[in-house]
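The file structure.cif comes next; it holds mmCIF, C-alpha atoms.
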data_target
#
loop_
_atom_site.label_atom_id
_atom_site.label_comp_id
_atom_site.auth_asym_id
_atom_site.auth_seq_id
_atom_site.Cartn_x
_atom_site.Cartn_y
_atom_site.Cartn_z
CA MET A 669 92.16 -156.70 127.72
CA GLU A 670 90.10 -153.74 126.53
CA ARG A 671 88.88 -155.84 123.63
CA ALA A 672 87.60 -158.39 126.13
CA VAL A 673 85.58 -155.66 127.86
CA TRP A 674 84.16 -154.51 124.50
CA ARG A 675 83.08 -158.12 123.83
CA ILE A 676 81.26 -158.22 127.18
CA LEU A 677 79.57 -154.89 126.48
CA ALA A 678 78.41 -156.22 123.11
CA ASP A 679 76.23 -158.55 125.16
CA VAL A 680 74.67 -155.93 127.47
CA PRO A 681 71.17 -155.09 126.16
CA ASP A 682 69.61 -151.66 126.03
CA PRO A 683 66.80 -151.82 128.64
CA GLU A 684 64.22 -150.14 126.40
CA ILE A 685 65.08 -151.80 123.10
CA PRO A 686 66.48 -155.13 124.32
CA VAL A 687 67.27 -156.48 120.84
CA LEU A 688 70.10 -153.92 120.69
CA SER A 689 73.26 -154.03 122.75
CA VAL A 690 74.68 -150.83 124.22
CA VAL A 691 77.51 -151.14 121.66
CA GLU A 692 75.11 -151.35 118.71
CA LEU A 693 73.24 -148.32 120.04
CA GLY A 694 76.51 -146.40 119.68
CA ILE A 695 76.56 -145.07 123.24
CA ILE A 696 79.86 -146.64 124.38
CA ARG A 697 82.52 -143.98 123.84
CA HIS A 698 85.58 -145.58 125.40
CA VAL A 699 86.90 -148.38 127.56
CA ARG A 700 89.92 -147.64 129.72
CA ILE A 701 91.77 -149.88 132.10
CA ALA A 702 94.03 -148.40 134.77
CA GLU A 703 95.43 -150.29 137.75
CA GLY A 704 93.07 -153.16 137.04
CA ARG A 705 90.00 -150.95 137.18
CA VAL A 706 87.75 -150.59 134.14
CA THR A 707 86.18 -147.26 133.23
CA VAL A 708 83.50 -147.19 130.53
CA GLY A 709 82.49 -143.88 128.91
CA VAL A 710 78.79 -143.80 128.03
CA SER A 711 76.90 -141.09 126.11
CA PRO A 712 73.23 -140.56 126.95
CA THR A 713 70.97 -140.70 123.88
CA TYR A 714 68.87 -137.86 125.33
CA THR A 715 69.81 -135.70 128.35
CA GLY A 716 66.70 -136.83 130.20
CA CYS A 717 66.59 -140.45 129.05
CA PRO A 718 65.38 -142.40 132.09
CA ALA A 719 67.28 -145.50 130.94
CA THR A 720 70.67 -143.84 131.48
CA GLU A 721 71.01 -144.94 135.09
CA VAL A 722 69.72 -148.45 134.42
CA ILE A 723 72.29 -148.77 131.62
CA ALA A 724 75.13 -147.66 133.91
CA ARG A 725 74.06 -150.13 136.60
CA SER A 726 73.65 -153.03 134.17
CA ILE A 727 77.10 -152.41 132.66
CA GLU A 728 78.71 -152.32 136.12
CA ALA A 729 76.82 -155.43 137.24
CA ARG A 730 77.77 -157.34 134.10
CA LEU A 731 81.46 -156.45 134.40
CA GLN A 732 81.34 -157.44 138.08
CA ALA A 733 79.89 -160.82 137.11
CA GLU A 734 82.72 -161.28 134.58
CA GLY A 735 85.30 -160.65 137.30
CA TYR A 736 86.04 -156.96 136.80
CA GLU A 737 85.82 -155.50 140.31
CA ASN A 738 84.85 -151.84 140.93
CA SER A 739 84.30 -150.95 137.31
CA LYS A 740 82.91 -147.49 136.74
CA VAL A 741 80.66 -145.86 134.15
CA GLU A 742 81.37 -142.22 133.40
CA PRO A 743 79.03 -139.99 131.38
CA VAL A 744 80.42 -138.49 128.16
CA LEU A 745 78.37 -135.59 126.81
CA SER A 746 80.72 -134.32 124.14
CA PRO A 747 80.53 -134.86 121.25
CA PRO A 748 76.78 -135.42 121.66
CA TRP A 749 75.37 -138.82 120.73
CA THR A 750 73.75 -139.01 117.32
CA SER A 751 71.56 -141.65 115.69
CA ASP A 752 74.31 -141.85 113.04
CA TRP A 753 76.26 -143.93 115.58
CA LEU A 754 73.81 -146.84 115.42
CA THR A 755 75.68 -149.75 113.88
CA GLU A 756 74.58 -151.41 110.64
CA SER A 757 73.55 -154.51 112.62
CA ALA A 758 71.44 -152.27 114.87
CA ARG A 759 69.50 -150.96 111.89
CA ILE A 760 68.72 -154.49 110.73
CA LYS A 761 67.71 -155.63 114.22
CA LEU A 762 65.49 -152.59 114.76
CA GLU A 763 63.62 -153.31 111.56
CA GLU A 764 63.17 -156.98 112.46
CA TYR A 765 61.92 -155.88 115.89
CA GLY A 766 59.26 -153.66 114.28
CA ILE A 767 60.93 -150.26 114.76
CA ALA A 768 61.79 -148.30 111.61
CA PRO A 769 65.49 -147.29 111.74
CA PRO A 770 66.56 -143.64 111.21
CA ALA A 771 65.88 -142.70 107.59
CA HIS A 772 69.08 -140.77 106.92
CA ALA A 773 72.24 -139.29 108.38
CA VAL A 774 71.92 -136.14 110.44
CA SER A 775 75.13 -134.34 109.47
CA ASN A 776 73.02 -131.40 108.31
CA PRO A 777 70.61 -130.00 110.95
CA LYS A 778 68.24 -128.92 108.17
CA HIS A 779 67.03 -132.53 108.05
CA LEU A 780 64.81 -131.70 111.03
CA PHE A 781 62.66 -129.45 108.95
CA ARG A 782 62.06 -131.98 106.19
CA GLU A 783 59.78 -134.93 106.69
CA PRO A 784 61.71 -138.18 106.20
CA LYS A 785 60.29 -140.95 104.03
CA VAL A 786 59.89 -143.88 106.41
CA ALA A 787 59.31 -147.45 105.28
CA CYS A 788 56.89 -149.58 107.28
CA PRO A 789 58.98 -152.20 109.16
CA ARG A 790 56.17 -154.78 108.72
CA CYS A 791 55.23 -154.55 105.03
CA SER A 792 57.97 -152.23 103.64
CA SER A 793 55.33 -149.88 102.20
CA MET A 794 56.40 -146.27 101.80
CA GLN A 795 52.78 -145.15 102.29
CA THR A 796 53.28 -144.12 105.91
CA ALA A 797 52.27 -141.08 107.94
CA LYS A 798 53.58 -139.53 111.13
CA VAL A 799 51.09 -139.65 113.98
CA SER A 800 53.25 -137.93 116.60
CA GLU A 801 56.77 -136.48 116.89
CA PHE A 802 57.07 -138.34 120.19
CA ALA A 803 56.39 -141.91 121.29
CA SER A 804 57.00 -144.32 124.16
CA THR A 805 60.66 -143.38 124.64
CA PRO A 806 62.56 -140.13 123.94
CA CYS A 807 64.36 -141.71 120.97
CA LYS A 808 61.27 -142.64 118.93
CA ALA A 809 58.37 -141.06 117.03
CA LEU A 810 55.00 -142.65 116.22
CA TYR A 811 53.95 -143.56 112.67
CA ARG A 812 51.14 -145.44 110.95
CA CYS A 813 51.27 -147.47 107.77
CA SER A 814 48.52 -146.68 105.25
CA SER A 815 49.02 -150.01 103.44
CA CYS A 816 48.88 -152.58 106.26
CA LEU A 817 47.20 -150.11 108.65
CA GLU A 818 49.52 -151.05 111.53
CA PRO A 819 51.01 -148.40 113.82
CA PHE A 820 54.78 -148.54 114.34
CA GLU A 821 57.58 -146.63 115.99
CA TYR A 822 60.31 -144.79 114.14
CA PHE A 823 63.78 -144.24 115.62
CA LYS A 824 64.32 -140.48 115.36
CA CYS A 825 67.22 -138.91 113.52
CA ILE A 826 69.00 -136.68 115.97
CA MET B 4 80.26 -106.60 121.55
CA SER B 5 81.24 -109.56 123.71
CA ALA B 6 84.77 -110.87 123.59
CA SER B 7 85.43 -114.01 121.61
CA PRO B 8 85.90 -116.93 124.03
CA ALA B 9 89.24 -117.70 122.40
CA ILE B 10 90.80 -114.55 123.85
CA VAL B 11 89.26 -114.77 127.32
CA THR B 12 92.18 -115.30 129.60
CA HIS B 13 90.62 -115.00 133.07
CA SER B 14 88.24 -117.62 134.34
CA ALA B 15 84.85 -116.67 135.72
CA SER B 16 84.49 -116.97 139.47
CA ALA B 17 82.89 -120.10 140.92
CA GLU B 18 80.18 -117.90 142.39
CA LEU B 19 79.24 -116.53 138.94
CA ARG B 20 79.31 -119.98 137.36
CA PHE B 21 76.97 -121.17 140.12
CA ARG B 22 74.53 -118.33 139.45
CA TYR B 23 74.63 -118.83 135.70
CA ALA B 24 74.14 -122.61 135.98
CA THR B 25 71.17 -122.19 138.35
CA TYR B 26 69.61 -119.52 136.11
CA LEU B 27 69.66 -121.87 133.10
CA GLY B 28 68.94 -124.98 135.17
CA ASP B 29 66.00 -123.44 137.07
CA THR B 30 64.43 -122.27 133.80
CA SER B 31 64.53 -125.82 132.40
CA LEU B 32 63.42 -127.39 135.70
CA ILE B 33 60.37 -125.18 136.26
CA LEU B 34 59.14 -125.59 132.70
CA ALA B 35 59.59 -129.38 133.01
CA GLN B 36 57.38 -129.31 136.11
CA ARG B 37 54.70 -127.24 134.35
CA LEU B 38 54.70 -129.63 131.37
CA GLY B 39 54.53 -132.58 133.73
CA GLU B 40 51.21 -131.23 135.03
CA TRP B 41 49.74 -132.05 131.60
CA VAL B 42 50.37 -135.79 131.93
CA GLY B 43 46.99 -137.50 131.72
CA HIS B 44 45.25 -134.22 130.77
CA ALA B 45 46.47 -133.28 127.28
CA PRO B 46 43.86 -133.10 124.48
CA ALA B 47 45.14 -136.30 122.82
CA LEU B 48 47.39 -139.16 123.87
CA GLU B 49 50.02 -138.15 121.29
CA GLU B 50 50.25 -134.61 122.70
CA ASP B 51 50.32 -135.99 126.24
CA LEU B 52 53.37 -138.07 125.24
CA ALA B 53 54.95 -135.13 123.44
CA LEU B 54 54.70 -132.76 126.40
CA ALA B 55 56.04 -135.44 128.75
CA ASN B 56 58.96 -136.17 126.41
CA ILE B 57 59.85 -132.48 126.15
CA ALA B 58 59.60 -132.22 129.94
CA LEU B 59 62.02 -135.13 130.22
CA ASP B 60 64.61 -133.44 128.00
CA LEU B 61 64.27 -130.22 130.03
CA LEU B 62 64.64 -132.19 133.24
CA GLY B 63 67.81 -133.76 131.85
CA GLN B 64 69.24 -130.29 131.17
CA ALA B 65 68.24 -129.18 134.68
CA ARG B 66 69.87 -132.20 136.31
CA TYR B 67 73.11 -131.60 134.47
CA LEU B 68 73.18 -127.87 135.26
CA LEU B 69 72.14 -128.18 138.91
CA SER B 70 74.62 -131.02 139.55
CA TYR B 71 77.32 -128.80 138.11
CA ALA B 72 76.12 -125.85 140.23
CA GLY B 73 76.29 -127.98 143.37
CA GLU B 74 79.75 -129.19 142.41
CA ILE B 75 81.25 -125.71 141.93
CA GLU B 76 79.49 -124.32 144.98
CA GLY B 77 81.43 -126.88 146.99
CA LYS B 78 79.02 -127.09 149.93
CA GLY B 79 77.99 -130.65 149.21
CA ARG B 80 74.57 -129.76 147.78
CA SER B 81 73.28 -132.23 145.18
CA GLU B 82 70.97 -131.56 142.24
CA ASP B 83 68.11 -132.80 144.44
CA ASP B 84 69.02 -130.44 147.30
CA LEU B 85 69.00 -127.52 144.88
CA ALA B 86 65.72 -128.55 143.25
CA PHE B 87 63.76 -129.59 146.31
CA LEU B 88 65.12 -127.59 149.23
CA ARG B 89 65.51 -124.04 147.97
CA ASP B 90 62.89 -121.36 148.63
CA PRO B 91 61.08 -119.51 145.83
CA SER B 92 63.28 -116.44 146.31
CA ASP B 93 66.39 -118.59 145.64
CA PHE B 94 65.13 -119.61 142.17
CA SER B 95 66.23 -117.54 139.19
CA ASN B 96 64.19 -119.08 136.36
CA LEU B 97 62.55 -116.85 133.76
CA ALA B 98 59.09 -115.77 134.94
CA LEU B 99 57.65 -117.03 131.62
CA VAL B 100 58.13 -120.69 132.52
CA GLU B 101 56.39 -120.49 135.91
CA GLN B 102 53.16 -119.18 134.36
CA PRO B 103 50.38 -121.68 135.05
CA ASN B 104 48.86 -123.90 132.39
CA VAL B 105 45.62 -122.48 131.01
CA ASP B 106 44.76 -124.49 127.90
CA PHE B 107 46.74 -126.36 125.25
CA GLY B 108 47.01 -123.24 123.06
CA HIS B 109 48.49 -121.22 125.94
CA THR B 110 50.94 -124.04 126.78
CA ILE B 111 52.06 -124.32 123.14
CA VAL B 112 52.69 -120.57 122.94
CA ARG B 113 54.74 -120.65 126.16
CA GLN B 114 56.74 -123.59 124.79
CA PHE B 115 57.27 -121.94 121.41
CA LEU B 116 58.51 -118.64 122.88
CA LEU B 117 60.93 -120.52 125.13
CA ASP B 118 62.08 -123.01 122.46
CA ALA B 119 62.86 -120.17 120.05
CA TRP B 120 64.95 -118.52 122.80
CA GLN B 121 66.77 -121.74 123.72
CA LEU B 122 67.62 -122.26 120.02
CA GLU B 123 69.59 -118.99 119.97
CA LEU B 124 70.96 -119.45 123.49
CA PHE B 125 72.34 -122.97 123.01
CA GLU B 126 73.70 -122.14 119.55
CA LYS B 127 75.89 -119.44 121.12
CA LEU B 128 76.52 -121.16 124.44
CA GLN B 129 78.50 -123.80 122.52
CA ALA B 130 81.31 -121.21 122.44
CA SER B 131 81.36 -120.86 126.24
CA SER B 132 84.79 -120.57 127.86
CA GLU B 133 83.52 -123.18 130.35
CA PRO B 134 83.55 -126.61 128.65
CA ARG B 135 80.74 -127.89 130.87
CA PHE B 136 78.35 -125.25 129.51
CA ALA B 137 79.62 -125.73 125.94
CA GLU B 138 79.08 -129.49 125.92
CA LEU B 139 75.62 -129.25 127.46
CA ALA B 140 74.69 -126.62 124.84
CA ALA B 141 75.77 -128.88 121.97
CA LYS B 142 73.68 -131.73 123.36
CA ALA B 143 70.62 -129.66 124.29
CA LEU B 144 70.60 -127.81 120.97
CA LYS B 145 69.76 -131.02 119.10
CA GLU B 146 66.83 -131.69 121.42
CA THR B 147 65.68 -128.06 121.32
CA ARG B 148 65.48 -128.12 117.51
CA TYR B 149 63.10 -131.03 117.84
CA HIS B 150 61.00 -129.26 120.51
CA TYR B 151 60.90 -126.15 118.35
CA ARG B 152 59.68 -128.08 115.34
CA PHE B 153 56.84 -129.46 117.46
CA SER B 154 55.81 -126.19 119.17
CA ALA B 155 56.16 -123.98 116.07
CA GLY B 156 54.17 -126.56 114.09
CA TRP B 157 51.34 -126.43 116.62
CA VAL B 158 51.34 -122.61 116.76
CA VAL B 159 50.72 -122.63 113.00
CA ARG B 160 48.09 -125.39 113.09
CA LEU B 161 46.12 -123.77 115.90
CA GLY B 162 46.63 -120.15 114.81
CA ASP B 163 45.66 -120.89 111.22
CA GLY B 164 43.02 -123.40 112.33
CA THR B 165 39.46 -122.80 113.49
CA GLU B 166 38.18 -119.54 114.95
CA GLU B 167 38.19 -121.17 118.39
CA SER B 168 41.78 -122.45 118.17
CA HIS B 169 42.98 -119.16 116.69
CA ASN B 170 41.41 -117.16 119.52
CA ARG B 171 42.87 -119.40 122.19
CA VAL B 172 46.46 -119.21 120.87
CA GLN B 173 46.13 -115.47 120.36
CA ALA B 174 44.88 -115.12 123.96
CA GLY B 175 47.88 -117.17 125.18
CA LEU B 176 50.23 -114.99 123.17
CA ASP B 177 48.65 -111.79 124.52
CA ALA B 178 48.96 -113.05 128.09
CA LEU B 179 52.54 -114.30 127.80
CA TRP B 180 54.25 -111.76 125.57
CA ARG B 181 55.09 -109.39 128.42
CA PHE B 182 57.21 -112.13 130.02
CA THR B 183 59.52 -112.41 127.00
CA SER B 184 61.38 -109.10 127.38
CA GLU B 185 63.19 -110.49 130.42
CA MET B 186 65.03 -112.99 128.18
CA PHE B 187 66.99 -110.19 126.54
CA ALA B 188 67.15 -107.58 129.28
CA PRO B 189 70.43 -106.97 131.11
CA GLY B 190 70.98 -107.01 134.82
CA ALA B 191 71.48 -110.55 136.06
CA ALA B 192 73.87 -113.52 135.99
CA ASP B 193 73.67 -113.76 132.21
CA GLU B 194 75.01 -110.25 131.67
CA GLU B 195 78.00 -110.92 133.95
CA ALA B 196 78.42 -114.33 132.33
CA ALA B 197 78.65 -112.64 128.93
CA ALA B 198 81.34 -110.27 130.19
CA ALA B 199 83.33 -113.26 131.47
CA GLY B 200 82.96 -115.25 128.23
CA LEU B 201 80.77 -117.86 129.92
CA GLY B 202 77.73 -117.30 127.73
CA PRO B 203 76.16 -115.01 125.12
CA ASP B 204 75.12 -111.44 125.81
CA PRO B 205 71.36 -111.78 126.45
CA ALA B 206 70.56 -108.77 124.23
CA SER B 207 72.42 -110.39 121.32
CA LEU B 208 69.83 -113.19 121.15
CA ARG B 209 66.88 -110.89 120.48
CA ALA B 210 67.16 -110.09 116.76
CA ALA B 211 67.27 -113.73 115.61
CA TRP B 212 64.61 -114.74 118.16
CA LEU B 213 62.23 -112.00 117.03
CA ALA B 214 62.74 -112.67 113.33
CA ASN B 215 62.01 -116.34 113.90
CA VAL B 216 58.97 -115.72 116.11
CA GLU B 217 57.50 -113.09 113.80
CA GLN B 218 57.80 -115.39 110.80
CA VAL B 219 55.94 -118.20 112.58
CA LEU B 220 53.26 -115.81 113.92
CA GLN B 221 52.72 -114.48 110.43
CA THR B 222 52.27 -117.98 108.99
CA ALA B 223 49.91 -118.72 111.87
CA THR B 224 47.88 -115.55 111.13
CA LEU B 225 48.54 -114.38 114.69
CA LYS B 226 49.15 -110.81 115.78
CA ARG B 227 52.31 -109.94 117.67
CA PRO B 228 51.32 -108.10 120.87
CA ALA B 229 52.84 -104.70 121.62
CA ASP B 230 55.86 -104.57 123.92
CA VAL B 231 55.12 -103.12 127.36
CA PRO B 232 57.61 -101.25 129.53
CA PHE B 233 56.83 -103.25 132.67
CA ARG B 234 59.06 -106.26 133.20
CA TRP B 235 59.10 -109.24 135.48
CA PHE B 236 62.55 -110.38 136.45
CA GLY B 237 62.39 -114.01 137.48
CA LYS B 238 66.11 -114.24 136.75
CA ARG B 239 66.63 -111.56 139.42
CA HIS B 240 64.58 -113.65 141.85
CA GLN B 241 61.47 -111.48 141.42
CA HIS B 242 58.80 -114.07 140.80
CA THR B 243 55.10 -114.08 140.17
CA ASP B 244 53.07 -115.69 142.93
CA HIS B 245 52.69 -118.81 140.78
CA LEU B 246 56.20 -120.07 141.54
CA SER B 247 55.53 -120.63 145.26
CA HIS B 248 52.46 -122.72 144.46
CA LEU B 249 54.40 -124.77 141.91
CA LEU B 250 57.23 -125.38 144.38
CA ALA B 251 54.82 -126.26 147.19
CA GLU B 252 53.66 -129.19 145.08
CA MET B 253 57.05 -130.10 143.58
CA GLN B 254 58.92 -129.98 146.89
CA PHE B 255 56.22 -131.52 149.12
CA MET B 256 57.82 -134.96 149.53
CA GLN B 257 61.34 -133.78 150.36
CA ARG B 258 60.07 -131.05 152.69
CA THR B 259 57.71 -133.40 154.52
CA TYR B 260 59.96 -136.45 154.62
CA PRO B 261 63.51 -135.03 154.51
CA GLY B 262 66.00 -137.40 152.92
CA ALA B 263 63.32 -139.78 151.63
CA GLN B 264 64.65 -142.06 148.86
CA TRP B 265 62.87 -144.11 146.21
#

As structure tokens:
Amino acid sequence: MERAVWRILADVPDPEIPVLSVVELGIIRHVRIAEGRVTVGVSPTYTGCPATEVIARSIEARLQAEGYENSKVEPVLSPPWTSDWLTESARIKLEEYGIAPPAHAVSNPKHLFREPKVACPRCSSMQTAKVSEFASTPCKALYRCSSCLEPFEYFKCI
Amino acid sequence: MSASPAIVTHSASAELRFRYATYLGDTSLILAQRLGEWVGHAPALEEDLALANIALDLLGQARYLLSYAGEIEGKGRSEDDLAFLRDPSDFSNLALVEQPNVDFGHTIVRQFLLDAWQLELFEKLQASSEPRFAELAAKALKETRYHYRFSAGWVVRLGDGTEESHNRVQAGLDALWRFTSEMFAPGAADEEAAAAGLGPDPASLRAAWLANVEQVLQTATLKRPADVPFRWFGKRHQHTDHLSHLLAEMQFMQRTYPGAQW
């Protein structure tokens, strides 16, 4: 029964990067079923991410539509979400969508003080430069490719 | 100095946890509001986005902490009630964060001084005897490292930049330095929180903060201002006049149309 819920969640898109499902984004922490009521644990990517509430509502609405009454989303802060939890399929989809996936794992916090080498998602050139640490959503930074001259977003390692 | 959380056997009173949560939450909230004032006004679109993104992270911390404060207070006050319906004298944010925006150099210095403090604070707050503080600290620390990289990077670029940019950051530093001593001074919720194992002793954060700040200032060719004996104590509810003006704008809608919803 829990597996059925996971399959439904695998079809709920992230509102800001709709090519990814909430499962691929790595924010679903657990699915529990007690007395016929589903509880889904969701980790915010960033504490202030404005999509958090939209995600909770879309998960509840989707489960409702699939016949799960009164399902509930509960926030899970610990352990904190990390970009390491993106699935392999998410990395491929991000790249196809034009967003460079995180360059490396973040197990060591020192990574923040080294500039990652980011490949352009359009032409695969490594001749890219950071334009800004921050971009259109909390989870991305802004880059530019020096080969094809296109700007692109980079999914931050955090 | 402070007891290891592992051997703390008594739990801190709800009243103290409320005061500690509002102290940390108010500090994040007021700085988020100040940064929000830059939206549409920053020197470049990228910096506009950066300041708004940092504000969003700080607002997320504030929401979490003020929701928790309302919960343990047990009077049915929500995060919104605490943010929008308290008077200036009820806020216990650091006076540093309520200082008005002057120019981008001044804003970057304010952000850098605060980021460097939050780095030390959240690192140690992860060992809080209260799991709600510990888990927020672990989450916020990751975001703070990113903010710090941004603000420290700009302090160096502007300080070691043109004569104009150097002078502006130095002026910001000279104006704001006197508000930093409050971060480490005893005599408020944080000192009691340290005694109860809830959070770090404020004085224990100073050495690492100062070493970090001095190193960046040196790289930026900036001069560390002298410490002055006079102290503001925003965390003891003694605010500069700027807080009431900030709150007048931030709270206008809820005060004028009580209970209004989006």

Considering all atoms listed in the file, give me a table of residues in chain B that are at most 12 Å from chain A, with the closest atom pair and distance in Å for each, as a Markdown table.
| residue | atom | partner | partner_atom | distance |
| --- | --- | --- | --- | --- |
| B:Ser31 | CA | A:Gly716 | CA | 11.4 |
| B:Leu32 | CA | A:Gly716 | CA | 11.4 |
| B:Ala35 | CA | A:Gly716 | CA | 10.7 |
| B:Ala47 | CA | A:Ser800 | CA | 10.3 |
| B:Leu48 | CA | A:Ser800 | CA | 9.4 |
| B:Glu49 | CA | A:Ser800 | CA | 5.7 |
| B:Glu50 | CA | A:Ser800 | CA | 7.6 |
| B:Asp51 | CA | A:Phe802 | CA | 9.4 |
| B:Leu52 | CA | A:Phe802 | CA | 6.3 |
| B:Ala53 | CA | A:Phe802 | CA | 5.0 |
| B:Leu54 | CA | A:Phe802 | CA | 8.7 |
| B:Ala55 | CA | A:Phe802 | CA | 9.1 |
| B:Asn56 | CA | A:Pro806 | CA | 5.9 |
| B:Ile57 | CA | A:Pro806 | CA | 8.4 |
| B:Ala58 | CA | A:Gly716 | CA | 8.5 |
| B:Leu59 | CA | A:Gly716 | CA | 5.0 |
| B:Asp60 | CA | A:Gly716 | CA | 4.5 |
| B:Leu61 | CA | A:Gly716 | CA | 7.0 |
| B:Leu62 | CA | A:Gly716 | CA | 5.9 |
| B:Gly63 | CA | A:Gly716 | CA | 3.7 |
| B:Gln64 | CA | A:Thr715 | CA | 6.1 |
| B:Ala65 | CA | A:Gly716 | CA | 9.0 |
| B:Arg66 | CA | A:Gly716 | CA | 8.3 |
| B:Tyr67 | CA | A:Thr715 | CA | 8.1 |
| B:Leu68 | CA | A:Thr715 | CA | 11.0 |
| B:Gln129 | CA | A:Ser746 | CA | 10.9 |
| B:Pro134 | CA | A:Ser746 | CA | 9.4 |
| B:Arg135 | CA | A:Leu745 | CA | 9.0 |
| B:Phe136 | CA | A:Leu745 | CA | 10.7 |
| B:Ala137 | CA | A:Ser746 | CA | 8.8 |
| B:Glu138 | CA | A:Ser746 | CA | 5.4 |
| B:Leu139 | CA | A:Leu745 | CA | 6.9 |
| B:Ala140 | CA | A:Pro748 | CA | 9.6 |
| B:Ala141 | CA | A:Pro748 | CA | 6.6 |
| B:Lys142 | CA | A:Pro748 | CA | 5.1 |
| B:Ala143 | CA | A:Thr715 | CA | 7.3 |
| B:Leu144 | CA | A:Pro748 | CA | 9.8 |
| B:Lys145 | CA | A:Ile826 | CA | 6.5 |
| B:Glu146 | CA | A:Tyr714 | CA | 7.6 |
| B:Thr147 | CA | A:Ile826 | CA | 10.7 |
| B:Arg148 | CA | A:Leu780 | CA | 7.4 |
| B:Tyr149 | CA | A:Leu780 | CA | 7.1 |
| B:His150 | CA | A:Glu801 | CA | 9.1 |
| B:Tyr151 | CA | A:Leu780 | CA | 10.0 |
| B:Arg152 | CA | A:Phe781 | CA | 7.2 |
| B:Phe153 | CA | A:Glu801 | CA | 7.0 |
| B:Ser154 | CA | A:Glu801 | CA | 10.6 |
| B:Ala155 | CA | A:Phe781 | CA | 11.1 |
| B:Gly156 | CA | A:Phe781 | CA | 10.3 |
| B:Trp157 | CA | A:Glu801 | CA | 11.4 |

Do you have the CA of Arg80 in chain B-CA of Met253 in chain B distance handy?
18.0 Å

Selection: 10 Å around range 233-239 of chain B, all atoms listed in the file, excl. self and same-chain fewer than 2 positions, as a PyMOL selection string:
chain B and resi 22-23+25-27+29-30+92-101+181-186+188+190-193+230-231+241-243+246

Please evaluate the PyMOL selection byres ((chain A and resi 790) around 10) against the displayed coordinates and give the resulting residues as a VMD selection string.
chain A and resid 763 to 768 787 to 789 791 to 793 813 816 818 to 820

On this structure, which residues satisfy the PyMOL selection byres ((chain B and resi 208-221) around 8), written as a VMD selection string?
chain B and resid 116 119 to 120 123 to 124 155 158 to 159 162 187 203 to 207 222 to 227

Dump as an mmCIF file, in the frame of the given file, selection limited to C-alpha atoms:
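File produced: out.cif:
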data_model
loop_
_atom_site.group_PDB
_atom_site.id
_atom_site.type_symbol
_atom_site.label_atom_id
_atom_site.label_comp_id
_atom_site.auth_asym_id
_atom_site.auth_seq_id
_atom_site.Cartn_x
_atom_site.Cartn_y
_atom_site.Cartn_z
ATOM 1 C CA LEU B 116 58.510 -118.640 122.880
ATOM 2 C CA ALA B 119 62.860 -120.170 120.050
ATOM 3 C CA TRP B 120 64.950 -118.520 122.800
ATOM 4 C CA GLU B 123 69.590 -118.990 119.970
ATOM 5 C CA LEU B 124 70.960 -119.450 123.490
ATOM 6 C CA ALA B 155 56.160 -123.980 116.070
ATOM 7 C CA VAL B 158 51.340 -122.610 116.760
ATOM 8 C CA VAL B 159 50.720 -122.630 113.000
ATOM 9 C CA GLY B 162 46.630 -120.150 114.810
ATOM 10 C CA PHE B 187 66.990 -110.190 126.540
ATOM 11 C CA PRO B 203 76.160 -115.010 125.120
ATOM 12 C CA ASP B 204 75.120 -111.440 125.810
ATOM 13 C CA PRO B 205 71.360 -111.780 126.450
ATOM 14 C CA ALA B 206 70.560 -108.770 124.230
ATOM 15 C CA SER B 207 72.420 -110.390 121.320
ATOM 16 C CA THR B 222 52.270 -117.980 108.990
ATOM 17 C CA ALA B 223 49.910 -118.720 111.870
ATOM 18 C CA THR B 224 47.880 -115.550 111.130
ATOM 19 C CA LEU B 225 48.540 -114.380 114.690
ATOM 20 C CA LYS B 226 49.150 -110.810 115.780
ATOM 21 C CA ARG B 227 52.310 -109.940 117.670
#

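The two atoms in question, CA of Leu677 in chain A and CA of Val690 in chain A, are spaced 6.7 Å apart.
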
Could you tell me which residues the PyMOL selection byres ((chain B and resi 109-113) around 9) grabs in this file, written as a VMD selection string?
chain B and resid 38 99 to 100 102 to 108 114 to 118 154 to 155 157 to 158 171 to 176 178 to 180

Would you write out those residues with C-alpha atoms, as a compact mmCIF listing (two decimals), in the coordinates of the input?
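Below you can see result-v1.txt, which holds the result:
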# COMPACT_ATOMS: atom_id res chain seq x y z
CA LEU B 38 54.70 -129.63 131.37
CA LEU B 99 57.65 -117.03 131.62
CA VAL B 100 58.13 -120.69 132.52
CA GLN B 102 53.16 -119.18 134.36
CA PRO B 103 50.38 -121.68 135.05
CA ASN B 104 48.86 -123.90 132.39
CA VAL B 105 45.62 -122.48 131.01
CA ASP B 106 44.76 -124.49 127.90
CA PHE B 107 46.74 -126.36 125.25
CA GLY B 108 47.01 -123.24 123.06
CA GLN B 114 56.74 -123.59 124.79
CA PHE B 115 57.27 -121.94 121.41
CA LEU B 116 58.51 -118.64 122.88
CA LEU B 117 60.93 -120.52 125.13
CA ASP B 118 62.08 -123.01 122.46
CA SER B 154 55.81 -126.19 119.17
CA ALA B 155 56.16 -123.98 116.07
CA TRP B 157 51.34 -126.43 116.62
CA VAL B 158 51.34 -122.61 116.76
CA ARG B 171 42.87 -119.40 122.19
CA VAL B 172 46.46 -119.21 120.87
CA GLN B 173 46.13 -115.47 120.36
CA ALA B 174 44.88 -115.12 123.96
CA GLY B 175 47.88 -117.17 125.18
CA LEU B 176 50.23 -114.99 123.17
CA ALA B 178 48.96 -113.05 128.09
CA LEU B 179 52.54 -114.30 127.80
CA TRP B 180 54.25 -111.76 125.57

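Counting from CA of Trp753 in chain A, the distance to CA of Ala771 in chain A is 13.2 Å.
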